[in-house]
>>> print(open('work.tsv').read())   # TSV, C-alpha atoms and all ligand atoms
chain	number	residue	atom	x	y	z
A	30	MET	CA	-135.34	0.37	50.23
A	31	ASN	CA	-132.19	1.31	48.32
A	32	LYS	CA	-128.69	0.20	49.21
A	33	ILE	CA	-127.25	1.88	52.33
A	34	LEU	CA	-123.53	1.89	53.19
A	35	VAL	CA	-122.79	1.83	56.93
A	36	THR	CA	-119.35	2.85	58.21
A	37	GLY	CA	-118.07	2.33	61.76
A	38	ALA	CA	-120.16	-0.82	62.34
A	39	THR	CA	-117.39	-2.59	64.27
A	40	GLY	CA	-117.18	0.12	66.96
A	41	ARG	CA	-116.56	-0.67	70.62
A	42	HIS	CA	-117.37	2.75	72.12
A	43	GLY	CA	-120.88	3.98	71.28
A	44	GLY	CA	-121.23	1.13	68.78
A	45	THR	CA	-123.76	3.19	66.79
A	46	GLY	CA	-122.87	1.61	63.43
A	47	ALA	CA	-123.75	-1.95	64.50
A	48	HIS	CA	-127.07	-0.74	65.86
A	49	VAL	CA	-127.81	1.07	62.58
A	50	VAL	CA	-127.09	-2.16	60.66
A	51	ARG	CA	-129.31	-4.24	62.95
A	52	ARG	CA	-132.22	-1.82	62.71
A	53	LEU	CA	-131.94	-1.32	58.96
A	54	ARG	CA	-131.93	-5.09	58.48
A	55	GLU	CA	-135.03	-5.38	60.72
A	56	GLU	CA	-136.69	-2.91	58.35
A	57	GLY	CA	-135.66	-5.05	55.37
A	58	GLY	CA	-132.85	-2.73	54.29
A	59	ASP	CA	-130.17	-3.62	51.75
A	60	VAL	CA	-127.06	-2.92	53.85
A	61	ARG	CA	-123.39	-2.86	52.93
A	62	VAL	CA	-120.80	-2.40	55.69
A	63	LEU	CA	-117.39	-0.81	55.21
A	64	ALA	CA	-114.96	-2.40	57.71
A	65	ARG	CA	-111.18	-2.16	58.01
A	66	SER	CA	-110.68	-5.88	58.67
A	67	ARG	CA	-112.59	-9.13	59.11
A	68	SER	CA	-113.36	-10.22	62.69
A	69	GLY	CA	-116.04	-11.79	64.82
A	70	ARG	CA	-117.79	-8.41	64.62
A	71	THR	CA	-118.01	-8.47	60.83
A	72	GLU	CA	-119.18	-12.11	60.97
A	73	ALA	CA	-122.00	-11.02	63.30
A	74	LEU	CA	-122.95	-8.28	60.81
A	75	GLU	CA	-122.94	-10.82	57.96
A	76	ALA	CA	-125.16	-13.08	60.06
A	77	LEU	CA	-127.65	-10.21	60.14
A	78	GLY	CA	-127.64	-10.25	56.35
A	79	ALA	CA	-125.32	-7.30	55.71
A	80	GLU	CA	-122.70	-7.43	52.95
A	81	VAL	CA	-119.23	-6.65	54.32
A	82	VAL	CA	-116.60	-4.97	52.14
A	83	LEU	CA	-113.10	-4.12	53.32
A	84	GLY	CA	-111.87	-0.54	53.11
A	85	ASP	CA	-110.55	2.42	55.02
A	86	LEU	CA	-112.14	5.86	55.22
A	87	ARG	CA	-108.68	7.37	54.87
A	88	ASP	CA	-108.01	5.52	51.61
A	89	ARG	CA	-110.13	6.90	48.76
A	90	ARG	CA	-109.26	3.92	46.55
A	91	SER	CA	-111.10	1.53	48.87
A	92	ILE	CA	-114.19	3.73	49.21
A	93	VAL	CA	-114.99	4.06	45.49
A	94	PRO	CA	-115.97	0.37	45.03
A	95	ALA	CA	-117.78	0.36	48.40
A	96	LEU	CA	-120.06	3.13	47.12
A	97	ARG	CA	-121.16	1.23	44.01
A	98	ASP	CA	-125.01	1.38	43.74
A	99	VAL	CA	-125.25	3.05	47.14
A	100	GLU	CA	-127.93	5.72	47.61
A	101	GLN	CA	-127.49	6.56	51.30
A	102	VAL	CA	-124.57	6.39	53.76
A	103	TYR	CA	-124.22	6.36	57.54
A	104	PHE	CA	-120.89	8.09	58.18
A	105	THR	CA	-119.29	7.80	61.58
A	106	TYR	CA	-115.74	8.15	62.78
A	107	PRO	CA	-114.39	7.59	66.31
A	108	ILE	CA	-113.32	10.40	68.63
A	109	ASP	CA	-109.76	10.22	67.34
A	110	ALA	CA	-107.43	12.07	64.97
A	111	GLY	CA	-108.08	11.71	61.24
A	112	VAL	CA	-111.72	12.68	60.72
A	113	ILE	CA	-110.87	15.49	58.27
A	114	ALA	CA	-108.86	13.10	56.08
A	115	ALA	CA	-111.68	10.54	56.36
A	116	ALA	CA	-114.30	13.08	55.25
A	117	ALA	CA	-112.12	14.39	52.42
A	118	ASN	CA	-111.40	10.89	51.10
A	119	PHE	CA	-115.06	9.94	51.40
A	120	ALA	CA	-116.15	13.11	49.58
A	121	ALA	CA	-113.62	12.56	46.79
A	122	ALA	CA	-114.75	8.94	46.40
A	123	ALA	CA	-118.43	9.94	46.33
A	124	ARG	CA	-117.75	12.53	43.63
A	125	GLU	CA	-115.68	10.02	41.65
A	126	SER	CA	-118.34	7.31	41.89
A	127	GLY	CA	-120.88	9.80	40.56
A	128	THR	CA	-123.57	8.51	42.93
A	129	ALA	CA	-123.74	11.57	45.29
A	130	PRO	CA	-125.23	9.44	48.07
A	131	ARG	CA	-127.31	11.14	50.75
A	132	THR	CA	-125.04	11.02	53.82
A	133	VAL	CA	-126.13	10.98	57.47
A	134	VAL	CA	-123.22	11.99	59.72
A	135	MET	CA	-122.92	11.08	63.40
A	136	SER	CA	-121.52	14.14	65.11
A	137	MET	CA	-121.42	15.82	68.50
A	138	GLY	CA	-122.35	19.10	70.17
A	139	PRO	CA	-118.67	20.17	70.40
A	140	ALA	CA	-118.35	20.16	66.57
A	141	HIS	CA	-117.73	23.90	66.36
A	142	PRO	CA	-114.94	26.04	64.84
A	143	GLY	CA	-114.32	27.77	68.19
A	144	HIS	CA	-114.41	24.74	70.50
A	145	PRO	CA	-111.35	24.33	72.78
A	146	SER	CA	-111.09	20.65	71.80
A	147	PRO	CA	-109.11	20.05	68.57
A	148	ARG	CA	-111.32	17.00	67.94
A	149	GLY	CA	-114.40	19.22	68.16
A	150	ARG	CA	-112.89	21.67	65.66
A	151	ASP	CA	-111.80	18.81	63.37
A	152	GLN	CA	-115.28	17.27	63.40
A	153	TRP	CA	-116.76	20.64	62.36
A	154	LEU	CA	-114.22	21.03	59.56
A	155	ALA	CA	-114.84	17.46	58.35
A	156	GLU	CA	-118.54	18.30	58.04
A	157	GLU	CA	-117.69	21.49	56.13
A	158	VAL	CA	-115.62	19.40	53.70
A	159	LEU	CA	-118.57	17.04	53.06
A	160	GLN	CA	-120.81	20.03	52.38
A	161	TRP	CA	-118.23	21.82	50.17
A	162	ALA	CA	-118.06	18.66	48.08
A	163	GLY	CA	-121.72	19.23	47.24
A	164	LEU	CA	-122.98	16.08	48.96
A	165	ASP	CA	-126.51	15.86	50.33
A	166	VAL	CA	-125.52	15.78	54.01
A	167	LEU	CA	-127.54	15.56	57.23
A	168	VAL	CA	-125.39	16.17	60.30
A	169	LEU	CA	-126.57	14.91	63.70
A	170	ARG	CA	-124.65	16.93	66.31
A	171	VAL	CA	-125.88	14.89	69.25
A	172	ALA	CA	-125.79	17.26	72.23
A	173	ALA	CA	-125.42	14.68	75.01
A	174	ALA	CA	-122.83	12.24	76.37
A	175	PHE	CA	-123.24	8.54	75.52
A	176	HIS	CA	-124.09	6.24	78.46
A	177	GLU	CA	-121.33	4.01	77.09
A	178	ASN	CA	-118.75	6.60	78.20
A	179	VAL	CA	-119.32	5.50	81.79
A	180	PRO	CA	-118.01	1.92	81.41
A	181	ALA	CA	-115.41	3.03	78.83
A	182	LEU	CA	-113.92	5.85	80.91
A	183	HIS	CA	-114.73	4.75	84.46
A	184	GLY	CA	-115.34	0.99	84.35
A	185	ARG	CA	-111.91	0.12	85.67
A	186	SER	CA	-111.91	2.62	88.59
A	187	VAL	CA	-115.47	1.63	89.54
A	188	ARG	CA	-114.45	-2.04	89.62
A	189	GLU	CA	-111.16	-1.57	91.42
A	190	GLU	CA	-111.80	1.45	93.70
A	191	GLY	CA	-115.57	2.08	93.72
A	192	VAL	CA	-114.99	5.58	92.34
A	193	ILE	CA	-115.76	7.73	89.29
A	194	ARG	CA	-113.14	10.48	88.93
A	195	ASN	CA	-113.44	13.24	86.32
A	196	CYS	CA	-113.53	17.00	85.80
A	197	PHE	CA	-117.21	17.44	84.81
A	198	GLY	CA	-117.84	19.06	88.20
A	199	ASP	CA	-120.86	18.54	90.41
A	200	GLY	CA	-123.52	19.77	87.97
A	201	PRO	CA	-125.83	17.90	85.62
A	202	VAL	CA	-124.77	16.46	82.25
A	203	ALA	CA	-127.16	15.54	79.40
A	204	TRP	CA	-127.09	11.80	78.55
A	205	ILE	CA	-128.20	9.61	75.66
A	206	ASN	CA	-127.82	5.88	75.04
A	207	GLY	CA	-125.61	4.91	72.07
A	208	ALA	CA	-128.53	2.90	70.67
A	209	ASP	CA	-130.76	5.99	70.79
A	210	ALA	CA	-128.09	8.09	69.05
A	211	ALA	CA	-127.96	5.35	66.41
A	212	GLU	CA	-131.74	5.35	66.22
A	213	LEU	CA	-131.55	9.04	65.33
A	214	ALA	CA	-129.44	8.02	62.33
A	215	VAL	CA	-131.89	5.24	61.43
A	216	ALA	CA	-134.72	7.77	61.56
A	217	ALA	CA	-132.69	10.20	59.44
A	218	LEU	CA	-132.15	7.45	56.83
A	219	LEU	CA	-135.71	6.10	56.81
A	220	HIS	CA	-137.75	9.19	57.76
A	221	PRO	CA	-135.83	12.23	56.47
A	222	ASP	CA	-138.97	14.36	56.90
A	223	ARG	CA	-138.42	14.30	60.70
A	224	PHE	CA	-135.27	16.41	60.26
A	225	THR	CA	-135.86	19.91	58.95
A	226	ALA	CA	-132.31	21.36	58.81
A	227	PRO	CA	-129.11	19.94	57.25
A	228	VAL	CA	-127.33	20.37	60.61
A	229	CYS	CA	-129.35	19.52	63.71
A	230	TYR	CA	-128.68	19.24	67.43
A	231	PRO	CA	-130.65	16.29	68.84
A	232	VAL	CA	-130.75	16.50	72.63
A	233	GLY	CA	-130.28	13.95	75.39
A	234	ALA	CA	-132.92	11.89	77.17
A	235	GLU	CA	-132.13	13.02	80.73
A	236	GLU	CA	-129.74	15.07	82.84
A	237	LEU	CA	-127.79	13.45	85.65
A	238	SER	CA	-124.78	14.63	87.64
A	239	HIS	CA	-121.91	12.21	88.12
A	240	HIS	CA	-122.96	11.93	91.79
A	241	GLU	CA	-126.30	10.57	90.50
A	242	ILE	CA	-124.55	8.27	88.00
A	243	ALA	CA	-122.43	6.89	90.87
A	244	ALA	CA	-125.57	6.34	92.98
A	245	VAL	CA	-127.24	4.35	90.16
A	246	LEU	CA	-124.11	2.18	89.82
A	247	ALA	CA	-123.91	1.67	93.60
A	248	GLU	CA	-127.51	0.43	93.60
A	249	ARG	CA	-126.87	-1.76	90.54
A	250	PHE	CA	-123.75	-3.43	91.96
A	251	GLY	CA	-124.87	-3.44	95.61
A	252	ARG	CA	-121.69	-1.78	96.88
A	253	PRO	CA	-120.49	1.81	97.40
A	254	VAL	CA	-119.61	3.85	94.28
A	255	ARG	CA	-118.84	7.56	94.74
A	256	PHE	CA	-117.98	10.48	92.49
A	257	GLU	CA	-114.77	12.40	93.13
A	258	PRO	CA	-114.30	15.64	91.15
A	259	VAL	CA	-110.66	16.08	90.07
A	260	SER	CA	-108.76	18.62	87.95
A	261	ALA	CA	-108.72	18.35	84.15
A	262	GLU	CA	-104.96	17.75	84.30
A	263	ARG	CA	-105.33	14.82	86.68
A	264	TRP	CA	-108.18	13.20	84.70
A	265	HIS	CA	-106.27	13.68	81.46
A	266	ARG	CA	-103.25	11.86	82.95
A	267	GLU	CA	-105.50	9.02	84.11
A	268	LEU	CA	-107.18	8.66	80.69
A	269	VAL	CA	-103.84	8.69	78.84
A	270	ALA	CA	-102.63	5.92	81.19
A	271	LEU	CA	-105.89	4.02	80.53
A	272	SER	CA	-105.38	4.39	76.76
A	273	GLU	CA	-102.13	2.41	77.09
A	274	VAL	CA	-103.97	-0.68	78.32
A	275	ASP	CA	-107.40	-0.23	76.70
A	276	ASP	CA	-108.54	-0.45	73.08
A	277	VAL	CA	-111.50	1.97	73.35
A	278	VAL	CA	-109.86	5.02	74.91
A	279	ASN	CA	-107.15	6.76	72.88
A	280	PRO	CA	-104.93	9.77	73.76
A	281	ASP	CA	-106.89	12.10	71.44
A	282	MET	CA	-110.13	11.07	73.11
A	283	ALA	CA	-108.49	11.75	76.48
A	284	GLY	CA	-107.73	15.32	75.39
A	285	HIS	CA	-111.18	15.80	73.88
A	286	ILE	CA	-113.24	14.50	76.78
A	287	THR	CA	-111.29	16.43	79.42
A	288	SER	CA	-111.66	19.61	77.38
A	289	VAL	CA	-115.43	19.04	77.02
A	290	ALA	CA	-115.76	18.21	80.73
A	291	ARG	CA	-113.82	21.28	81.82
A	292	ARG	CA	-116.14	23.43	79.71
A	293	VAL	CA	-119.24	21.83	81.24
A	294	ALA	CA	-117.81	22.36	84.76
A	295	GLU	CA	-117.16	26.04	83.99
A	296	HIS	CA	-120.26	26.94	81.95
A	297	GLY	CA	-122.78	24.14	82.58
A	298	SER	CA	-124.29	21.77	79.99
A	299	THR	CA	-124.85	23.72	76.76
A	300	MET	CA	-128.18	22.08	75.86
A	301	ALA	CA	-130.83	20.76	78.20
A	302	ALA	CA	-132.11	17.21	77.75
A	303	ASP	CA	-135.64	16.82	76.38
A	304	ARG	CA	-136.96	13.26	76.62
A	305	ALA	CA	-140.16	14.01	74.71
A	306	ALA	CA	-138.32	15.73	71.83
A	307	LEU	CA	-135.90	12.79	71.52
A	308	ALA	CA	-138.77	10.26	71.67
A	309	LEU	CA	-140.52	12.09	68.84
A	310	LEU	CA	-137.42	11.88	66.63
A	311	ILE	CA	-136.64	8.20	67.30
A	312	GLY	CA	-140.26	7.04	67.43
A	313	ARG	CA	-140.00	5.29	70.83
A	314	GLU	CA	-139.14	5.98	74.47
A	315	PRO	CA	-135.39	6.63	74.97
A	316	VAL	CA	-133.28	4.34	77.19
A	317	THR	CA	-132.56	5.71	80.69
A	318	PHE	CA	-129.19	5.45	82.41
A	319	ARG	CA	-130.82	3.25	85.04
A	320	GLU	CA	-131.95	0.82	82.30
A	321	PHE	CA	-128.50	0.90	80.69
A	322	ALA	CA	-126.87	0.15	84.08
A	323	GLN	CA	-128.83	-3.13	84.21
A	324	THR	CA	-126.87	-4.30	81.14
A	325	LEU	CA	-123.48	-3.72	82.82
B	401	LIG	N1	-119.14	9.28	73.10
B	401	LIG	C1	-120.00	10.29	73.22
B	401	LIG	O1	-120.33	10.73	74.33
B	401	LIG	C2	-120.59	10.91	72.00
B	401	LIG	C3	-121.62	11.87	72.18
B	401	LIG	C4	-122.18	12.48	71.05
B	401	LIG	C5	-121.72	12.13	69.79
B	401	LIG	N2	-120.72	11.20	69.64
B	401	LIG	C6	-120.22	10.90	68.30
B	401	LIG	O2	-120.27	9.53	68.00
B	401	LIG	C7	-119.29	9.25	66.98
B	401	LIG	C8	-118.61	7.94	67.28
B	401	LIG	O3	-119.59	6.94	67.15
B	401	LIG	P1	-119.44	5.54	67.86
B	401	LIG	O4	-119.26	5.73	69.34
B	401	LIG	O5	-120.51	4.67	67.36
B	401	LIG	O6	-118.03	5.05	67.27
B	401	LIG	P2	-117.12	3.84	67.78
B	401	LIG	O7	-117.93	2.88	68.58
B	401	LIG	O8	-115.90	4.47	68.41
B	401	LIG	O9	-116.73	3.14	66.40
B	401	LIG	C9	-115.85	3.74	65.51
B	401	LIG	C10	-115.85	2.92	64.24
B	401	LIG	O10	-115.10	3.61	63.23
B	401	LIG	C11	-114.26	2.67	62.60
B	401	LIG	N3	-113.09	3.33	62.02
B	401	LIG	C12	-112.09	3.96	62.69
B	401	LIG	N4	-111.21	4.43	61.82
B	401	LIG	C13	-111.65	4.09	60.58
B	401	LIG	C14	-111.16	4.28	59.27
B	401	LIG	N5	-110.02	4.95	59.05
B	401	LIG	N6	-111.86	3.78	58.22
B	401	LIG	C15	-113.02	3.10	58.43
B	401	LIG	N7	-113.54	2.89	59.65
B	401	LIG	C16	-112.86	3.39	60.70
B	401	LIG	C17	-113.90	1.69	63.70
B	401	LIG	O11	-113.42	0.50	63.08
B	401	LIG	P3	-112.34	-0.50	63.78
B	401	LIG	O12	-113.19	-1.57	64.44
B	401	LIG	O13	-111.57	-1.01	62.62
B	401	LIG	O14	-111.52	0.30	64.75
B	401	LIG	C18	-115.24	1.53	64.38
B	401	LIG	O15	-116.05	0.61	63.67
B	401	LIG	C19	-118.33	10.43	66.95
B	401	LIG	O16	-118.56	11.20	65.79
B	401	LIG	C20	-118.75	11.24	68.16
B	401	LIG	O17	-118.61	12.60	67.93
B	401	LIG	C21	-120.17	10.57	70.71
>>> encode(input="work.tsv", output="structure tokens")
Amino acid sequence: MNKILVTGATGRHGGTGAHVVRRLREEGGDVRVLARSRSGRTEALEALGAEVVLGDLRDRRSIVPALRDVEQVYFTYPIDAGVIAAAANFAAAARESGTAPRTVVMSMGPAHPGHPSPRGRDQWLAEEVLQWAGLDVLVLRVAAAFHENVPALHGRSVREEGVIRNCFGDGPVAWINGADAAELAVAALLHPDRFTAPVCYPVGAEELSHHEIAAVLAERFGRPVRFEPVSAERWHRELVALSEVDDVVNPDMAGHITSVARRVAEHGSTMAADRAALALLIGREPVTFREFAQTL
């Protein structure tokens, strides 16, 4: 297997990059990680046998050496401002290094030029930039919410008040585990034949309303947990307040997720989950929310 550069491997939200590193190493892959700083997380990646180089996706100068001898890249960026600059710097570095690595991009269903969320529009534009640069790009617009959103966005209120409050409404939402989203990227790197179009929309493993999510958590923790639908404005205020004391949630994410949730409440989930289709792509059974809840 040729050298693969993995970005975003120190993530604390979906954590897809770390999973990609672990799986590629299990398959005997030659993995280099681009990280912004050294930490216990980079030490853990080194312990898996990955090479860690320091750099920043928004600094082209640091990406050029990271791309040396690299043939494939896993590109991910958090739900935060700056993805267009990250993609443009990455594209410029790839062109400068002359390697034109095949690049698998972690993306989301809301990556669309007409989406109400600025982060959704930015993600789409970032992907356009990578394609305009002439790179060989495979974009995974995962059309489901990560299980990991539940502890990230609601962990505190579940612990302190036994409640999940948001503006998704009462209807079902498509869900996928972060590890399964990462496994899509692993499959795209190791089995490109499973992906027929340069931009694809992998679907979730199951659909659950937030009432059902609350019921699973109540069973898991052995105490009442309920779902309380609130307005987008109220949830946005709560998430911005959370971002002041939490290092996963940021104000841009607060705006993005409330915008996505409001759209789901008004129009329903845009794509249905399809467990069998996801299993076929990742080559194993997807993780259920009930299984994920056992890890909390
Ligand atoms: N959450 C969902 O429901 C959902 C659903 C579908 C798709 N997605 C997609 O998943 C992607 C996010 O993946 P994830 O959850 O695995 O990410 P994550 O856990 O939030 O990790 C983000 C990573 O990016 C790194 N990073 C941030 N800024 C950087 C920069 N300037 N240069 C280099 N690295 C930088 C972070 O490093 P530090 O440790 O230094 O901060 C971290 O390692 C997004 O594209 C999103 O659209 C999410």
>>> residues_around(input="work.tsv", residues="Asn195 (chain A)", least_positions_apart="6", cutoff="6 Å", atoms="only C-alpha atoms", output="number ranges by chain")
A: 258-259, 264
>>> closest_residue(input="work.tsv", among="A:Arg292, A:Arg255, A:Arg54, A:Arg170", to="Gly191 (chain A)", atoms="only C-alpha atoms")
A:Arg255
>>> residues_around(input="work.tsv", residues="Phe256 (chain A)", least_positions_apart="5", cutoff="8 Å", atoms="all atoms listed in the file", output="PyMOL selection string")
chain A and resi 192-194+239-240+243
>>> axis_aligned_box(input="work.tsv", around="ligand LIG 401 (chain B)", padding_each_side="6 Å", output="AutoDock Vina command-line options")
--center_x -116.1 --center_y 5.5 --center_z 66.3 --size_x 24.2 --size_y 26.2 --size_z 28.1
>>> residues_around(input="work.tsv", residues="Gly44 (chain A)", least_positions_apart="3", cutoff="9 Å", atoms="all atoms listed in the file", output="PyMOL selection string")
chain A and resi 37-41+47-48+177+207-208+211
>>> closest_residue(input="work.tsv", among="A:Asp209, A:Glu314, A:Asp165, A:Glu157", to="ligand LIG 401 (chain B)", atoms="only C-alpha atoms and all ligand atoms")
A:Asp209
>>> residues_around(input="work.tsv", residues="Arg52 (chain A)", least_positions_apart="5", cutoff="9 Å", atoms="only C-alpha atoms", output="PyMOL selection string")
chain A and resi 47+57-58+212+215
>>> atom_distance(input="work.tsv", atom1="CA of Arg67 (chain A)", atom2="CA of Ala181 (chain A)")
23.3 Å
>>> residues_around(input="work.tsv", residues="Gly111 (chain A)", least_positions_apart="2", cutoff="10 Å", atoms="only C-alpha atoms", output="ChimeraX atom specification")
/A:86-87,106-109,113-116,148,151-152,155
>>> closest_residue(input="work.tsv", among="A:Val316, A:Phe250, A:Trp204, A:Ala172", to="Pro139 (chain A)", atoms="all atoms listed in the file")
A:Ala172
>>> closest_residue(input="work.tsv", among="A:Glu125, A:Glu55, A:Glu257, A:Asp276", to="ligand LIG 401 (chain B)", atoms="only C-alpha atoms and all ligand atoms")
A:Asp276
>>> atom_distance(input="work.tsv", atom1="CA of Ala120 (chain A)", atom2="CA of Leu53 (chain A)")
23.4 Å
>>> build_atoms(input="work.tsv", residues="region 148-176 of chain A", atoms="N, CA and C atoms", output="PDB file, in the frame of the given file")
ATOM      1  N   ARG A 148    -110.448  18.001  68.587  1.00  0.00           N
ATOM      2  CA  ARG A 148    -111.320  17.000  67.940  1.00  0.00           C
ATOM      3  C   ARG A 148    -112.677  17.610  67.611  1.00  0.00           C
ATOM      4  N   GLY A 149    -113.143  18.534  68.454  1.00  0.00           N
ATOM      5  CA  GLY A 149    -114.400  19.220  68.160  1.00  0.00           C
ATOM      6  C   GLY A 149    -114.247  20.088  66.917  1.00  0.00           C
ATOM      7  N   ARG A 150    -113.129  20.808  66.837  1.00  0.00           N
ATOM      8  CA  ARG A 150    -112.890  21.670  65.660  1.00  0.00           C
ATOM      9  C   ARG A 150    -112.717  20.821  64.407  1.00  0.00           C
ATOM     10  N   ASP A 151    -112.006  19.692  64.532  1.00  0.00           N
ATOM     11  CA  ASP A 151    -111.800  18.810  63.370  1.00  0.00           C
ATOM     12  C   ASP A 151    -113.127  18.243  62.863  1.00  0.00           C
ATOM     13  N   GLN A 152    -113.992  17.842  63.795  1.00  0.00           N
ATOM     14  CA  GLN A 152    -115.280  17.270  63.400  1.00  0.00           C
ATOM     15  C   GLN A 152    -116.077  18.305  62.591  1.00  0.00           C
ATOM     16  N   TRP A 153    -116.061  19.553  63.067  1.00  0.00           N
ATOM     17  CA  TRP A 153    -116.760  20.640  62.360  1.00  0.00           C
ATOM     18  C   TRP A 153    -116.182  20.784  60.949  1.00  0.00           C
ATOM     19  N   LEU A 154    -114.849  20.817  60.872  1.00  0.00           N
ATOM     20  CA  LEU A 154    -114.220  21.030  59.560  1.00  0.00           C
ATOM     21  C   LEU A 154    -114.507  19.858  58.617  1.00  0.00           C
ATOM     22  N   ALA A 155    -114.522  18.645  59.166  1.00  0.00           N
ATOM     23  CA  ALA A 155    -114.840  17.460  58.350  1.00  0.00           C
ATOM     24  C   ALA A 155    -116.234  17.619  57.736  1.00  0.00           C
ATOM     25  N   GLU A 156    -117.162  18.129  58.539  1.00  0.00           N
ATOM     26  CA  GLU A 156    -118.540  18.300  58.040  1.00  0.00           C
ATOM     27  C   GLU A 156    -118.603  19.401  56.986  1.00  0.00           C
ATOM     28  N   GLU A 157    -117.764  20.452  57.173  1.00  0.00           N
ATOM     29  CA  GLU A 157    -117.690  21.490  56.130  1.00  0.00           C
ATOM     30  C   GLU A 157    -117.219  20.876  54.817  1.00  0.00           C
ATOM     31  N   VAL A 158    -116.187  20.023  54.901  1.00  0.00           N
ATOM     32  CA  VAL A 158    -115.620  19.400  53.700  1.00  0.00           C
ATOM     33  C   VAL A 158    -116.706  18.613  52.943  1.00  0.00           C
ATOM     34  N   LEU A 159    -117.503  17.833  53.704  1.00  0.00           N
ATOM     35  CA  LEU A 159    -118.570  17.040  53.060  1.00  0.00           C
ATOM     36  C   LEU A 159    -119.552  17.972  52.356  1.00  0.00           C
ATOM     37  N   GLN A 160    -119.853  19.103  52.987  1.00  0.00           N
ATOM     38  CA  GLN A 160    -120.810  20.030  52.380  1.00  0.00           C
ATOM     39  C   GLN A 160    -120.183  20.748  51.175  1.00  0.00           C
ATOM     40  N   TRP A 161    -118.896  21.150  51.298  1.00  0.00           N
ATOM     41  CA  TRP A 161    -118.230  21.820  50.170  1.00  0.00           C
ATOM     42  C   TRP A 161    -118.206  20.915  48.949  1.00  0.00           C
ATOM     43  N   ALA A 162    -118.133  19.600  49.203  1.00  0.00           N
ATOM     44  CA  ALA A 162    -118.060  18.660  48.080  1.00  0.00           C
ATOM     45  C   ALA A 162    -119.406  18.560  47.348  1.00  0.00           C
ATOM     46  N   GLY A 163    -120.413  19.219  47.895  1.00  0.00           N
ATOM     47  CA  GLY A 163    -121.720  19.230  47.240  1.00  0.00           C
ATOM     48  C   GLY A 163    -122.566  18.009  47.555  1.00  0.00           C
ATOM     49  N   LEU A 164    -122.180  17.257  48.619  1.00  0.00           N
ATOM     50  CA  LEU A 164    -122.980  16.080  48.960  1.00  0.00           C
ATOM     51  C   LEU A 164    -124.260  16.504  49.683  1.00  0.00           C
ATOM     52  N   ASP A 165    -125.255  15.648  49.619  1.00  0.00           N
ATOM     53  CA  ASP A 165    -126.510  15.860  50.330  1.00  0.00           C
ATOM     54  C   ASP A 165    -126.292  15.313  51.743  1.00  0.00           C
ATOM     55  N   VAL A 166    -125.973  16.212  52.686  1.00  0.00           N
ATOM     56  CA  VAL A 166    -125.520  15.780  54.010  1.00  0.00           C
ATOM     57  C   VAL A 166    -126.541  16.160  55.088  1.00  0.00           C
ATOM     58  N   LEU A 167    -126.774  15.236  56.021  1.00  0.00           N
ATOM     59  CA  LEU A 167    -127.540  15.560  57.230  1.00  0.00           C
ATOM     60  C   LEU A 167    -126.631  15.270  58.421  1.00  0.00           C
ATOM     61  N   VAL A 168    -126.315  16.307  59.181  1.00  0.00           N
ATOM     62  CA  VAL A 168    -125.390  16.170  60.300  1.00  0.00           C
ATOM     63  C   VAL A 168    -126.167  16.128  61.617  1.00  0.00           C
ATOM     64  N   LEU A 169    -125.913  15.066  62.398  1.00  0.00           N
ATOM     65  CA  LEU A 169    -126.570  14.910  63.700  1.00  0.00           C
ATOM     66  C   LEU A 169    -125.567  15.261  64.801  1.00  0.00           C
ATOM     67  N   ARG A 170    -125.575  16.522  65.231  1.00  0.00           N
ATOM     68  CA  ARG A 170    -124.650  16.930  66.310  1.00  0.00           C
ATOM     69  C   ARG A 170    -125.314  16.623  67.647  1.00  0.00           C
ATOM     70  N   VAL A 171    -125.199  15.369  68.039  1.00  0.00           N
ATOM     71  CA  VAL A 171    -125.880  14.890  69.250  1.00  0.00           C
ATOM     72  C   VAL A 171    -125.322  15.645  70.468  1.00  0.00           C
ATOM     73  N   ALA A 172    -126.217  16.372  71.147  1.00  0.00           N
ATOM     74  CA  ALA A 172    -125.790  17.260  72.230  1.00  0.00           C
ATOM     75  C   ALA A 172    -125.964  16.592  73.588  1.00  0.00           C
ATOM     76  N   ALA A 173    -125.340  15.434  73.745  1.00  0.00           N
ATOM     77  CA  ALA A 173    -125.420  14.680  75.010  1.00  0.00           C
ATOM     78  C   ALA A 173    -124.279  13.673  75.026  1.00  0.00           C
ATOM     79  N   ALA A 174    -123.884  13.256  76.234  1.00  0.00           N
ATOM     80  CA  ALA A 174    -122.830  12.240  76.370  1.00  0.00           C
ATOM     81  C   ALA A 174    -123.463  10.848  76.268  1.00  0.00           C
ATOM     82  N   PHE A 175    -122.743   9.918  75.621  1.00  0.00           N
ATOM     83  CA  PHE A 175    -123.240   8.540  75.520  1.00  0.00           C
ATOM     84  C   PHE A 175    -123.142   7.849  76.889  1.00  0.00           C
ATOM     85  N   HIS A 176    -124.171   7.075  77.251  1.00  0.00           N
ATOM     86  CA  HIS A 176    -124.090   6.240  78.460  1.00  0.00           C
ATOM     87  C   HIS A 176    -122.813   5.402  78.437  1.00  0.00           C
TER      88      HIS A 176
END
